[in-house]
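Asker: So here's work_9.txt (compact mmCIF, C-alpha atoms and all ligand atoms).
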# COMPACT_ATOMS: atom_id res chain seq x y z
CA MET A 3 31.11 12.90 0.69
CA ASP A 4 30.19 14.41 4.07
CA ARG A 5 27.05 13.47 5.90
CA SER A 6 25.00 16.58 5.11
CA MET A 7 25.52 16.15 1.38
CA HIS A 8 24.54 12.55 1.70
CA GLY A 9 21.33 13.54 3.46
CA ARG A 10 20.45 15.96 0.71
CA LYS A 11 21.01 13.32 -1.93
CA ASP A 12 18.71 10.91 -0.09
CA ARG A 13 16.02 13.56 0.03
CA LEU A 14 16.30 14.22 -3.69
CA ILE A 15 15.97 10.54 -4.43
CA ARG A 16 12.90 10.33 -2.23
CA GLU A 17 11.27 13.27 -3.94
CA ARG A 18 11.91 11.85 -7.35
CA ARG A 19 10.47 8.52 -6.27
CA HIS A 20 7.24 10.17 -5.17
CA ASP A 21 6.74 11.47 -8.66
CA THR A 22 7.09 7.95 -9.95
CA TYR A 23 4.16 6.76 -7.83
CA ARG A 24 1.93 9.80 -8.14
CA GLU A 25 -1.66 8.69 -8.10
CA ARG A 26 -3.15 11.91 -9.36
CA GLU A 27 -1.04 11.97 -12.46
CA LYS A 28 -3.03 12.59 -15.60
CA TRP A 29 -2.96 9.62 -17.92
CA PRO A 30 -4.62 9.73 -21.33
CA GLU A 31 -8.05 8.08 -21.08
CA PRO A 32 -8.59 5.25 -21.08
CA THR A 33 -5.22 3.82 -19.97
CA ARG A 34 -4.78 0.20 -18.95
CA CYS A 35 -2.08 -1.21 -16.67
CA THR A 36 -0.23 -3.93 -18.54
CA GLU A 37 0.51 -5.77 -15.27
CA CYS A 38 -2.80 -5.87 -13.39
CA ASN A 39 -5.35 -4.64 -15.97
CA ALA A 40 -6.57 -1.76 -13.80
CA VAL A 41 -7.99 0.98 -15.98
CA PHE A 42 -7.67 4.75 -15.66
CA ALA A 43 -10.80 6.47 -17.00
CA ALA A 44 -13.05 9.32 -15.89
CA GLY A 45 -10.27 10.56 -13.63
CA ARG A 46 -9.82 7.44 -11.52
CA TRP A 47 -8.52 3.87 -11.48
CA SER A 48 -11.05 1.04 -11.58
CA TRP A 49 -11.43 -2.54 -12.80
CA THR A 50 -13.87 -1.61 -15.56
CA PRO A 51 -12.79 -3.37 -18.76
CA PRO A 52 -11.33 -0.78 -21.13
CA ALA A 53 -12.10 -0.10 -24.76
CA LYS A 54 -9.83 -2.06 -27.07
CA ASP A 55 -7.68 0.92 -27.97
CA ALA A 56 -6.69 1.85 -24.41
CA HIS A 57 -3.30 3.41 -23.83
CA LYS A 58 -0.84 1.31 -21.87
CA THR A 59 1.15 2.00 -18.71
CA VAL A 60 2.25 0.34 -15.49
CA CYS A 61 0.08 1.68 -12.68
CA PRO A 62 1.58 3.20 -9.50
CA ALA A 63 0.63 0.13 -7.41
CA CYS A 64 2.40 -2.26 -9.79
CA ARG A 65 5.43 0.06 -9.91
CA ARG A 66 5.64 0.10 -6.12
CA THR A 67 5.37 -3.69 -6.03
CA ALA A 68 8.09 -4.12 -8.66
CA ASP A 69 10.36 -1.65 -6.83
CA ARG A 70 9.51 -3.12 -3.40
CA TYR A 71 8.66 0.41 -2.26
CA PRO A 72 5.51 0.30 -0.10
CA ALA A 73 3.39 3.33 0.79
CA ALA A 74 2.52 1.81 4.16
CA THR A 75 3.54 -0.95 6.53
CA ILE A 76 1.54 -2.71 9.22
CA GLN A 77 3.46 -4.26 12.06
CA LEU A 78 1.71 -7.11 13.86
CA ALA A 79 2.90 -8.60 17.11
CA GLY A 80 1.89 -10.31 20.34
CA ALA A 81 0.95 -13.71 21.72
CA PHE A 82 -2.70 -13.38 20.69
CA PHE A 83 -1.65 -12.58 17.14
CA THR A 84 0.63 -15.62 17.00
CA GLU A 85 -2.13 -17.87 18.35
CA HIS A 86 -4.81 -16.57 15.96
CA ARG A 87 -2.60 -15.83 13.05
CA GLU A 88 -4.59 -17.68 10.39
CA GLU A 89 -7.87 -16.04 11.36
CA ILE A 90 -6.22 -12.61 11.54
CA GLU A 91 -4.59 -13.04 8.14
CA ASN A 92 -7.98 -13.95 6.70
CA LEU A 93 -9.45 -10.76 8.11
CA ILE A 94 -6.57 -8.75 6.62
CA ARG A 95 -7.09 -10.38 3.20
CA ASN A 96 -10.83 -9.69 3.35
CA VAL A 97 -10.29 -6.03 4.16
CA GLU A 98 -7.85 -5.80 1.26
CA ALA A 99 -10.29 -7.46 -1.16
CA LEU A 100 -13.05 -5.00 -0.24
CA GLU A 101 -10.78 -1.97 -0.53
CA LYS A 102 -9.14 -3.13 -3.75
CA ALA A 103 -12.48 -3.77 -5.46
CA ASP A 104 -13.20 -0.03 -5.42
CA HIS A 105 -9.65 1.28 -5.32
CA PRO A 106 -7.27 -0.76 -7.51
CA LEU A 107 -4.20 1.07 -6.22
CA GLU A 108 -4.83 -0.07 -2.64
CA ARG A 109 -3.36 -3.56 -2.19
CA ILE A 110 -1.17 -5.77 -0.08
CA MET A 111 2.34 -6.24 -1.42
CA THR A 112 3.86 -8.75 1.01
CA ILE A 113 3.31 -10.40 4.38
CA SER A 114 6.61 -11.40 5.95
CA ASP A 115 7.93 -12.57 9.31
CA GLU A 116 10.64 -10.60 11.07
CA ASP A 117 12.32 -11.56 14.35
CA ASN A 118 9.41 -11.07 16.74
CA HIS A 119 6.71 -9.55 14.59
CA THR A 120 5.07 -9.79 11.17
CA VAL A 121 5.08 -7.01 8.60
CA VAL A 122 2.43 -6.39 5.96
CA THR A 123 3.38 -3.92 3.23
CA THR A 124 0.82 -2.14 1.07
CA THR A 125 0.77 -0.01 -2.07
CA GLY A 126 -1.56 2.61 -0.53
CA ILE A 127 -2.08 4.18 2.88
CA HIS A 128 -5.86 3.77 2.98
CA VAL A 129 -5.90 -0.02 2.89
CA ALA A 130 -3.31 -0.07 5.69
CA ARG A 131 -5.45 2.21 7.87
CA ARG A 132 -8.53 0.09 7.18
CA ILE A 133 -6.68 -3.06 8.17
CA GLY A 134 -5.56 -1.41 11.42
CA GLU A 135 -9.09 -0.23 12.16
CA ALA A 136 -10.53 -3.68 11.45
CA LEU A 137 -8.02 -5.39 13.75
CA SER A 138 -8.70 -2.91 16.51
CA ARG A 139 -12.47 -3.23 16.11
CA SER A 140 -12.46 -7.03 15.95
CA TYR A 141 -9.79 -7.88 18.51
CA LYS A 142 -9.13 -4.70 20.55
CA GLY A 143 -5.41 -4.77 21.43
CA GLU A 144 -3.02 -1.87 21.03
CA TYR A 145 -3.36 0.09 17.82
CA ARG A 146 -1.28 3.06 16.68
CA LEU A 147 -0.81 5.01 13.46
CA ARG A 148 2.14 7.11 12.44
CA TYR A 149 2.02 9.23 9.30
CA SER A 150 5.16 10.69 7.80
CA ASP A 151 6.27 12.61 4.75
CA GLY A 152 3.18 14.82 4.56
CA GLU A 153 0.82 11.87 5.07
CA LYS A 154 2.16 10.06 2.02
CA ASN A 155 3.58 7.29 4.18
CA LEU A 156 1.96 5.43 7.03
CA ARG A 157 3.10 2.98 9.67
CA VAL A 158 0.44 1.02 11.49
CA TYR A 159 1.21 -0.92 14.67
CA TRP A 160 -1.10 -3.48 16.13
CA GLU A 161 -0.27 -5.71 19.05
CA ARG A 162 -2.15 -8.11 21.21
ZN ZN B 201 -1.12 -2.29 -12.25
Spell out the structure here as structure tokens.
Ligand SMILES: [Zn+2]

Answerer:
Amino acid sequence: MDRSMHGRKDRLIRERRHDTYREREKWPEPTRCTECNAVFAAGRWSWTPPAKDAHKTVCPACRRTADRYPAATIQLAGAFFTEHREEIENLIRNVEALEKADHPLERIMTISDEDNHTVVTTTGIHVARRIGEALSRSYKGEYRLRYSDGEKNLRVYWER
């Protein structure tokens, strides 16, 4: 297979994957996620307990987590980060908890150490942007955002 064909195949796979994680899909109401118990009703996901006869699905956030396919990544680096890591991770977890309370599809997937930085992956782009904003507001440092794929994917960089 030549390279151009390969590229086209990759693109097709990516497009198909987007459909899998579509957040505006119409589920029958109410529908409950069998993994995290989030409920789709009145056109949105929430944590409101569903009626007993809710339909069942696996929500887009749980699908992304199972597939290890994040919507956004946050790259953290720098001497200040290393020194204050515990405090900074607490802030990140607090921002996630606030966001997730109202928006069940916005959560942290993993926090992992790479060679000289740390990477946080998330199931939604909004929680990643909020984490970046909170870090920048609380600690200054260098903060950048890069959207791609029609703003469906986001990379956040923060360094201090
Ligand atoms: Zn779920």

Asker: In Å, with one decimal, what is the gap from CA of Arg139 in chain A to CA of Asp151 in chain A?

Answerer: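 Between CA of Arg139 in chain A and CA of Asp151 in chain A the gap is 27.0 Å.
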
Asker: May I have the residues within 10 Å of ligand ZN 201 (chain B), computed using only C-alpha atoms and all ligand atoms, as a ChimeraX atom specification?

Answerer: /A:34-41,47,59-67,106-107

Asker: Expressed in Å to a single decimal, how great is the separation between CA of Ser150 in chain A and CA of Ile110 in chain A?

Answerer: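 The value is 19.3 Å.
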
Asker: Residues within 10 Å of (-8.8, -9.9, 10.6), file coordinates, counting only C-alpha atoms: what are they? Give the list as an MDAnalysis selection string.

Answerer: chainID A and resid 86:97 133:141

Asker: With all atoms listed in the file as the atoms that count, which of A:Asp55, A:Glu108, A:Glu101, A:Asp117 lies nearest to Glu31 in chain A?

Answerer: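 Nearest candidate to Glu31 in chain A out of A:Asp55, A:Glu108, A:Glu101, A:Asp117: A:Asp55.
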
Asker: From the options A:Thr123, A:Ala130, A:Pro52, A:Gln77, which residue's atoms come nearest to Tyr159 in chain A, counting all atoms listed in the file?

Answerer: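 That would be A:Gln77, the residue with the smallest distance to Tyr159 in chain A.
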
Asker: By how many Å are CA of Ser114 in chain A and CA of Glu153 in chain A apart?

Answerer: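 Rounded to one decimal, the two atoms are 24.0 Å apart.
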